[in-house]
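Following: one structure in structure tokens, then a few remarks.
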Amino acid sequence: MSASNKTAAIGITTLLTIAVIAALNFLVGGVGVGNVRLDLTEDRLYTLSDGTRNIISRINADEPVTIRFYATNDDRVMPNLLKPHTRTIEDLLLEYEKQGGGNITLEVIHPNPDTDEEDKAKEDEIRGMQVNQEGDNIYLGMSVQCLDRKEILPFLSPDDATSLEYEVSRAVAKVIKPSKTVIGYMSAMQVGGSPMFMMQRQRGGEPWAVIQQLRADYEVREVPMSTDKIDSDITVLLVIHPADITESAEYAIDQYLLGGGNVVAFVDPQSLLAQAMSGQANPMTGQPGNFINTSSDLANLFKSWGINYQKDMVVADMNYRGMLQGRIVPTALQIPGKSINADSRFTAGLQSFTLMNAGAFGIDKKEGLDTTVLASSSEVSEMIDTAAAEKLRREPLTNFNPSGRAQILGVHIKGKFKTAFPNGKPKAPGAPETGGAEQDTTAPAAAAPAAPAPAAPPAPAPAPAATATTPPVSVTTAPVSAADAKPAPAPAPAAEAKKDEKKPEEKKDDGSLKESKDSERNVVLFSDADMLYDAFCLRQGDLGVGLVTNGGNLPMLLNTIEVLAGGGDLIKVRNRKSPIRPFKKLAEMREKVEAEKRPTLVALAAKRQEIAEKLSKARPQLDLKKGTIIIDQATMNNIKEMEKNSRDIEKQERDIRKEINKEVEAQKSVLKWTNVIGMPLIVGLIGSLLAVQRRARTAAA
């Protein structure tokens with residue numbers, strides 16, 4: 001074969017190869033035939049997670065799932081921004097169908113304007129978005145159905161692209177389950193919304209978003225704060241700001257946990273929401289509402305669980321300061337991902353928490369219990385009292401003494417729990433002195449008619465002291481009449497005294513549990529209740545389509561509920577990483593530079609604030625009678641000097657910030673040129689070495 005023929009053959013082969021690759025790319029990528037993909041990403045971002053595979057494996061072949069995906073494909077109305085997102089969704093759903101092995105059917109429907117498909121989308125409750133003045137709508141949503149159970153995802157916003165697989169898997173998990181799991185909630189605040197008052201035609205308060213989200217997935221049941229028993233069919237109990245909780249309610253939580261339940265509790269040393277809700281007018285009467293204590297605690301339970309907590313102390317953190325009412329406040333905590341436990345199933349993958357006036361936990365080791373920290377402050381933090389925290393909403397923190405250790409904000413306790421009420425069920429306030437864990441065995445005979453009481457007090461095993469919720473019983477000042485005293489001899493016989501000593505052991509068993517049954521139980525605690533409120537969980541979507549999750553507060557709670565409710569597969573889906581890779585190295589570089597300069601900036605800011613306060617007092621006062629300004633020369637000179645010092649401090653702060661930016665930019669330049677020049681040099685060097693090696697082999701041959 002001549003050289004020209006060889007060249008022509010090579011050219012034809014090359015063209016045919018390109019044509020085959022282009023055809024395969026069109027069939028697989030453009031049309032979706034076979035949906036064959038090779039996922040080479042580090043975190044397997046484009047492969048169904050194990051959690052999704054487990055959920056799909058539970059689909060009953062006799063009850064298949066149908067997914068109807070509605071996506072407008074009319075180029076005239078469909079924004080370019082949504083086209084790649086639409087393709088991503090369809091690719092993902094093809095993976096579901098493929099993994100389902102015949103148990104999942106995918107229907108792709110294109111509801112373009114003024115078509116029968118648009119009517120079908122409306123019937124399936126898919127939400128349209130108007131895109132022009134002619135009133136044309138676009139649709140990008142889906143319905144997931146199994147028998148008569150249907151879940152709707154009305155609009156799949158690009159803002160929620162990272163949670164797309166989670167949303168689909170959650171919908172599948174819900175429709176294949178015939179009944180909903182029961183979640184209970186208990187709170188001193190109306191987190192579940194207030195009722196509508198028909199007489200006044202006033203609408204009731206809306207439930208918090210967290211309750212609305214839970215109602216979408218579970219049967220949610222309110223548990224009164226005054227309860228003395230919690231239903232056993234409740235799988236997880238959510239406790240939000242249990243202000244002024246009674247011992248009876250704590251006992252109910254204790255017995256519920258020991259009986260096989262799981263508890264997720266959010267206490268608060270200074271709840272901003274409770275403060276705002278206190279005294280709100282009652283729609284029925286127009287009168288001020290009930291006062292809600294701004295601090296909450298689970299004192300008896302915490303002691304039993306090995307948790308130390310001061311309900312009047314708040315965490316102030318100069319590193320993790322956030323915004324509150326338009327001001328930077330050290331008690332408005334913005335906790336970054338590095339202070340969140342990445343190994344826990346409750347918090348893995350979450351990048352931030354927002355907490356307002358949070359408390360802190362201490363941990364005492366308890367036999368049979370393992371405690372894991374879920375979130376913490378930085379080491380540049382200290383505990384301040386609630387009065388100082390309230391003052392920070394108006395004034396800066398001037399006297400700050402960092403503790404040098406991180407404050408614990410959230411914990412997970414697991415293991416076999418023991419009761420916090422070893423003496424049985426506590427008495428309700430005002431209850432008669434008969435039985436119960438806290439019966440006073442030193443009371444006179446009149447207080448315990450069931451058995452004669454000797455005059456001499458019993459020696460061993462005294463009952464616990466009465467608590468704040470149980471009225472104390474006086475045994476030294478109660479008046480005793482002569483008639484009452486006559487039948488009771490002064491010196492009690494030894495046998496009778498011995499009998500009385502054994503009386504606590506002979507109490508009838510009230511049926512209370514003393515330790516948890518069977519498998520280990522779980523308790524999750526956070527030291528802030530406001531973090532579950534809408535304003536700290538949600539934000540407006542970039543496309544203006546409703547609210548979207550902001551930070552990790554809401555995902556953390558949903559993660560926790562899902563895991564404790566037995567739906568651990570979904571946690572593996574929710575925490576998948578975003579396909580958008582942030583420049584972590586640059587963020588670390590800036591944080592390192594700022595950490596070196598931060599103490600100086602904090603000191604300068606405090607000094608400038610001190611000067612500002614002195615200036616506000618020293619500035620001239622207006623004489624209202626004469627309409628003139630009263631001031632002496634010495635004061636004027638002092639004011640000028642303080643103003644000059646303030647300007648000097650501001651200049652120092654600007655210079656430090658410029659220095660920080662300059663140093664960061666220098667490091668960025670080094671990093672950029674390393675990538676721009678370094679990689680080609682490495683590739684060129686490798687190519688040169690290979691060329692030299694090839695020439696050496698050729699020469700040797």
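Residues in the structure tokens are numbered from 1 in each chain, the chains being A, B, ... in the order shown, and ligands are numbered from 1 in the order shown.
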*Within segment 146-213 of chain A, find each residue whose DSSP state, derived from the backbone, is alpha helix (DSSP H), and express the selection as a ChimeraX atom specification.*
/A:164-175,209-213
_Contact residues around Glu663 of chain A with only C-alpha atoms at 12 Å, ignoring same-chain residues under 4 positions, as a VMD selection string_ = chain A and resid 586 589 to 594 596 to 597 656 to 659 667 to 670
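What separates atom CA of Asp114 of chain A from atom CA of Arg149 of chain A is a distance of 28.8 Å.
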*Excluding segment 264-278 of chain A and residues on its chain fewer than 5 positions from it, collect all residues at most 9 Å away from it, counting only C-alpha atoms, and give them as a ChimeraX atom specification.*
/A:188-190,236-243,288-298,310-314,356-359,386,389-390,522-533,557,560-561
Please dump the current selection as a compact mmCIF listing (two decimals), in the first residue's frame; keep N, CA and C atoms.
# COMPACT_ATOMS: atom_id res chain seq x y z
N ALA A 188 -43.35 24.92 75.54
CA ALA A 188 -44.05 25.98 76.27
C ALA A 188 -44.53 27.07 75.31
N MET A 189 -44.01 27.05 74.06
CA MET A 189 -44.43 28.02 73.05
C MET A 189 -45.36 27.33 72.04
N GLN A 190 -46.10 28.14 71.30
CA GLN A 190 -47.06 27.58 70.34
C GLN A 190 -46.35 27.30 69.01
N VAL A 236 -40.47 9.23 68.29
CA VAL A 236 -39.51 10.24 68.71
C VAL A 236 -40.27 11.38 69.37
N LEU A 237 -39.77 11.85 70.51
CA LEU A 237 -40.38 12.99 71.20
C LEU A 237 -39.47 14.20 71.02
N LEU A 238 -40.03 15.27 70.46
CA LEU A 238 -39.30 16.52 70.25
C LEU A 238 -39.71 17.51 71.33
N VAL A 239 -38.76 17.96 72.12
CA VAL A 239 -39.02 18.91 73.22
C VAL A 239 -38.35 20.23 72.86
N ILE A 240 -39.17 21.30 72.73
CA ILE A 240 -38.66 22.61 72.34
C ILE A 240 -38.96 23.61 73.46
N HIS A 241 -37.93 24.09 74.10
CA HIS A 241 -38.05 25.10 75.18
C HIS A 241 -39.08 24.68 76.23
N PRO A 242 -38.76 23.68 77.06
CA PRO A 242 -39.68 23.22 78.09
C PRO A 242 -39.65 24.12 79.33
N ALA A 243 -40.01 25.37 79.17
CA ALA A 243 -39.96 26.34 80.27
C ALA A 243 -40.93 25.93 81.38
N PRO A 288 -53.72 40.67 77.61
CA PRO A 288 -52.36 40.15 77.44
C PRO A 288 -52.30 38.65 77.71
N GLY A 289 -51.49 37.94 76.94
CA GLY A 289 -51.37 36.50 77.08
C GLY A 289 -50.50 36.11 78.25
N ASN A 290 -50.28 34.82 78.37
CA ASN A 290 -49.49 34.30 79.49
C ASN A 290 -48.01 34.62 79.31
N PHE A 291 -47.34 34.78 80.42
CA PHE A 291 -45.90 34.98 80.40
C PHE A 291 -45.21 33.65 80.13
N ILE A 292 -44.21 33.65 79.26
CA ILE A 292 -43.41 32.46 78.97
C ILE A 292 -42.01 32.70 79.50
N ASN A 293 -41.58 31.85 80.40
CA ASN A 293 -40.24 31.98 80.96
C ASN A 293 -39.21 31.88 79.84
N THR A 294 -38.26 32.80 79.81
CA THR A 294 -37.29 32.81 78.72
C THR A 294 -36.21 31.74 78.88
N SER A 295 -36.09 31.15 80.06
CA SER A 295 -35.10 30.08 80.26
C SER A 295 -35.82 28.75 80.45
N SER A 296 -35.19 27.68 80.02
CA SER A 296 -35.78 26.35 80.15
C SER A 296 -34.70 25.35 80.56
N ASP A 297 -35.14 24.26 81.13
CA ASP A 297 -34.21 23.29 81.71
C ASP A 297 -34.92 21.95 81.82
N LEU A 298 -34.15 20.88 81.95
CA LEU A 298 -34.67 19.55 82.29
C LEU A 298 -33.81 19.05 83.44
N GLN A 310 -26.23 25.38 83.06
CA GLN A 310 -26.66 26.54 83.84
C GLN A 310 -27.65 27.34 83.00
N LYS A 311 -28.89 27.39 83.46
CA LYS A 311 -29.94 27.98 82.64
C LYS A 311 -29.95 29.51 82.67
N ASP A 312 -28.96 30.12 83.34
CA ASP A 312 -28.89 31.58 83.35
C ASP A 312 -27.57 32.07 82.74
N MET A 313 -26.86 31.20 82.01
CA MET A 313 -25.58 31.58 81.42
C MET A 313 -25.61 31.36 79.91
N VAL A 314 -25.04 32.33 79.17
CA VAL A 314 -25.09 32.36 77.70
C VAL A 314 -23.66 32.35 77.15
N MET A 356 -28.91 31.51 68.77
CA MET A 356 -29.11 32.82 69.39
C MET A 356 -29.17 32.69 70.91
N ASN A 357 -28.21 33.31 71.58
CA ASN A 357 -28.17 33.28 73.05
C ASN A 357 -28.23 31.85 73.58
N ALA A 358 -27.32 31.05 73.09
CA ALA A 358 -27.29 29.63 73.46
C ALA A 358 -26.58 29.43 74.79
N GLY A 359 -26.92 28.35 75.45
CA GLY A 359 -26.22 27.95 76.66
C GLY A 359 -25.10 26.98 76.33
N THR A 386 -27.35 36.14 81.70
CA THR A 386 -28.41 36.55 80.77
C THR A 386 -28.60 38.07 80.76
N ALA A 389 -26.07 39.36 78.43
CA ALA A 389 -26.43 38.99 77.07
C ALA A 389 -27.53 39.90 76.53
N GLU A 390 -28.48 40.25 77.37
CA GLU A 390 -29.55 41.16 76.96
C GLU A 390 -28.98 42.54 76.65
N ASN A 522 -31.62 6.69 72.71
CA ASN A 522 -30.88 7.87 72.24
C ASN A 522 -31.52 9.16 72.73
N VAL A 523 -30.67 10.10 73.12
CA VAL A 523 -31.09 11.45 73.47
C VAL A 523 -30.19 12.42 72.73
N VAL A 524 -30.77 13.39 72.05
CA VAL A 524 -30.01 14.44 71.38
C VAL A 524 -30.40 15.77 72.02
N LEU A 525 -29.40 16.55 72.44
CA LEU A 525 -29.65 17.81 73.14
C LEU A 525 -28.94 18.96 72.45
N PHE A 526 -29.63 20.11 72.37
CA PHE A 526 -29.02 21.36 71.94
C PHE A 526 -29.39 22.44 72.94
N SER A 527 -28.48 23.41 73.11
CA SER A 527 -28.63 24.42 74.15
C SER A 527 -29.27 25.71 73.63
N ASP A 528 -30.05 25.61 72.55
CA ASP A 528 -30.76 26.77 72.02
C ASP A 528 -32.04 26.29 71.38
N ALA A 529 -33.16 26.94 71.71
CA ALA A 529 -34.45 26.59 71.10
C ALA A 529 -34.79 27.51 69.94
N ASP A 530 -34.28 28.75 69.97
CA ASP A 530 -34.58 29.70 68.89
C ASP A 530 -34.04 29.23 67.55
N MET A 531 -33.05 28.35 67.54
CA MET A 531 -32.43 27.90 66.29
C MET A 531 -33.42 27.16 65.40
N LEU A 532 -34.57 26.72 65.94
CA LEU A 532 -35.56 26.03 65.14
C LEU A 532 -36.61 26.98 64.55
N TYR A 533 -36.54 28.27 64.90
CA TYR A 533 -37.53 29.22 64.39
C TYR A 533 -37.23 29.54 62.93
N LEU A 557 -32.16 18.83 62.35
CA LEU A 557 -33.30 18.25 63.06
C LEU A 557 -33.94 17.14 62.23
N THR A 560 -31.89 14.08 62.36
CA THR A 560 -32.00 13.42 63.66
C THR A 560 -33.30 12.64 63.77
N ILE A 561 -34.41 13.27 63.37
CA ILE A 561 -35.70 12.60 63.44
C ILE A 561 -35.70 11.36 62.55
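For segment 125-140 of chain A, the residues within 6 Å (counting only C-alpha atoms, excluding itself and residues fewer than 5 positions away along the chain) are Tyr70, Ala71, Thr72, Pro113, Pro154, Phe155 and Leu156 of chain A.
Atom CA of Gly404 of chain A lies 21.2 Å from atom CA of Leu392 of chain A.
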_Can you pull out the residues contacting Leu301 of chain A? Cut-off 7 Å, using only C-alpha atoms, and skip same-chain residues under 3 positions away; I want them as a PyMOL selection string._
chain A and resi 250+298+304-305+420
Could the residues in this selection be written to a file with N, CA and C atoms, as a PDB file, in the first residue's frame?
ATOM      1  N   GLU A 250     -41.481  15.742  83.496  1.00  0.00           N
ATOM      2  CA  GLU A 250     -40.139  15.171  83.389  1.00  0.00           C
ATOM      3  C   GLU A 250     -40.174  13.661  83.629  1.00  0.00           C
ATOM      4  N   LEU A 298     -34.152  20.883  81.954  1.00  0.00           N
ATOM      5  CA  LEU A 298     -34.668  19.551  82.293  1.00  0.00           C
ATOM      6  C   LEU A 298     -33.807  19.048  83.445  1.00  0.00           C
ATOM      7  N   SER A 304     -29.519  12.944  85.760  1.00  0.00           N
ATOM      8  CA  SER A 304     -29.470  11.508  85.550  1.00  0.00           C
ATOM      9  C   SER A 304     -28.648  11.157  84.314  1.00  0.00           C
ATOM     10  N   TRP A 305     -28.663  12.034  83.300  1.00  0.00           N
ATOM     11  CA  TRP A 305     -27.959  11.766  82.043  1.00  0.00           C
ATOM     12  C   TRP A 305     -26.501  12.223  82.067  1.00  0.00           C
ATOM     13  N   ALA A 420     -34.397   8.801  86.298  1.00  0.00           N
ATOM     14  CA  ALA A 420     -34.083   9.994  87.086  1.00  0.00           C
ATOM     15  C   ALA A 420     -34.968  10.070  88.324  1.00  0.00           C
TER      16      ALA A 420
END
*asked:* Give me, as a PyMOL selection string, all polymer residues having an atom no more than 6 Å from Gln145 of chain A, counting only C-alpha atoms and skipping those fewer than 2 positions away in the same chain.
replied: chain A and resi 65-66+149-150
*asked:* What's around Phe536 of chain A at 12 Å? Count only C-alpha atoms, leave out sequence neighbours fewer than 4 positions away in its own chain, and write the answer as a ChimeraX atom specification.
replied: /A:208-210,272-273,322-324,332-334,352-356,528-532,540,547-554
Got time to write the residues from that selection, C-alpha atoms, as a PDB file, in the first residue's frame?
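So the final result, stored in out_3.pdb, reads:
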ATOM      1  CA  TRP A 208     -43.241  26.867  62.741  1.00  0.00           C
ATOM      2  CA  ALA A 209     -41.719  25.599  59.501  1.00  0.00           C
ATOM      3  CA  VAL A 210     -40.076  22.715  61.347  1.00  0.00           C
ATOM      4  CA  LEU A 272     -35.682  35.445  72.165  1.00  0.00           C
ATOM      5  CA  LEU A 273     -38.872  33.860  70.840  1.00  0.00           C
ATOM      6  CA  GLY A 322     -23.182  36.815  63.861  1.00  0.00           C
ATOM      7  CA  MET A 323     -25.872  39.389  63.143  1.00  0.00           C
ATOM      8  CA  LEU A 324     -28.776  40.143  65.467  1.00  0.00           C
ATOM      9  CA  ALA A 332     -25.553  35.421  67.888  1.00  0.00           C
ATOM     10  CA  LEU A 333     -23.448  32.397  67.029  1.00  0.00           C
ATOM     11  CA  GLN A 334     -22.580  31.378  63.462  1.00  0.00           C
ATOM     12  CA  SER A 352     -23.146  25.830  59.551  1.00  0.00           C
ATOM     13  CA  PHE A 353     -25.470  26.364  62.505  1.00  0.00           C
ATOM     14  CA  THR A 354     -27.131  29.578  63.674  1.00  0.00           C
ATOM     15  CA  LEU A 355     -27.794  29.842  67.419  1.00  0.00           C
ATOM     16  CA  MET A 356     -29.108  32.816  69.388  1.00  0.00           C
ATOM     17  CA  ASP A 528     -30.758  26.772  72.021  1.00  0.00           C
ATOM     18  CA  ALA A 529     -34.450  26.594  71.103  1.00  0.00           C
ATOM     19  CA  ASP A 530     -34.580  29.704  68.890  1.00  0.00           C
ATOM     20  CA  MET A 531     -32.435  27.903  66.294  1.00  0.00           C
ATOM     21  CA  LEU A 532     -35.564  26.033  65.136  1.00  0.00           C
ATOM     22  CA  GLN A 540     -35.921  33.441  50.272  1.00  0.00           C
ATOM     23  CA  LEU A 547     -38.363  29.663  51.029  1.00  0.00           C
ATOM     24  CA  VAL A 548     -35.334  27.385  50.985  1.00  0.00           C
ATOM     25  CA  THR A 549     -33.166  25.938  53.724  1.00  0.00           C
ATOM     26  CA  ASN A 550     -30.589  28.325  55.155  1.00  0.00           C
ATOM     27  CA  GLY A 551     -27.716  26.678  57.018  1.00  0.00           C
ATOM     28  CA  GLY A 552     -27.833  23.398  58.878  1.00  0.00           C
ATOM     29  CA  ASN A 553     -30.422  24.030  61.602  1.00  0.00           C
ATOM     30  CA  LEU A 554     -33.432  22.480  59.876  1.00  0.00           C
TER      31      LEU A 554
END
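For the set A:Ile384, A:Leu409, A:Val77, A:Met556, the residue with the smallest atom-to-atom gap to Ala342 of chain A is A:Met556, counting only C-alpha atoms.
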*Mind giving me the straight-line distance from atom CA of Ile328 of chain A to atom CA of Ile408 of chain A in Å, one decimal?*
21.7 Å
*Enumerate as a ChimeraX atom specification all residues of segment 258-393 of chain A assigned to strand (DSSP E) by DSSP on the backbone, naming them with the chain letters and numbers the document uses.*
/A:262-266,307-309,313-317,321-324,327-336,352-356,361-363,369-376,381-385
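Nearest residue to Lys425 of chain A, choosing from A:Asp385, A:Glu367, A:Glu395, A:Lys229 and counting only C-alpha atoms: A:Lys229.
Minimum atom-to-atom distances from A:Asn262, A:Thr13, A:Ser232, A:Asn54 to Leu564 of chain A were compared using only C-alpha atoms, and the lowest value belongs to A:Asn262.
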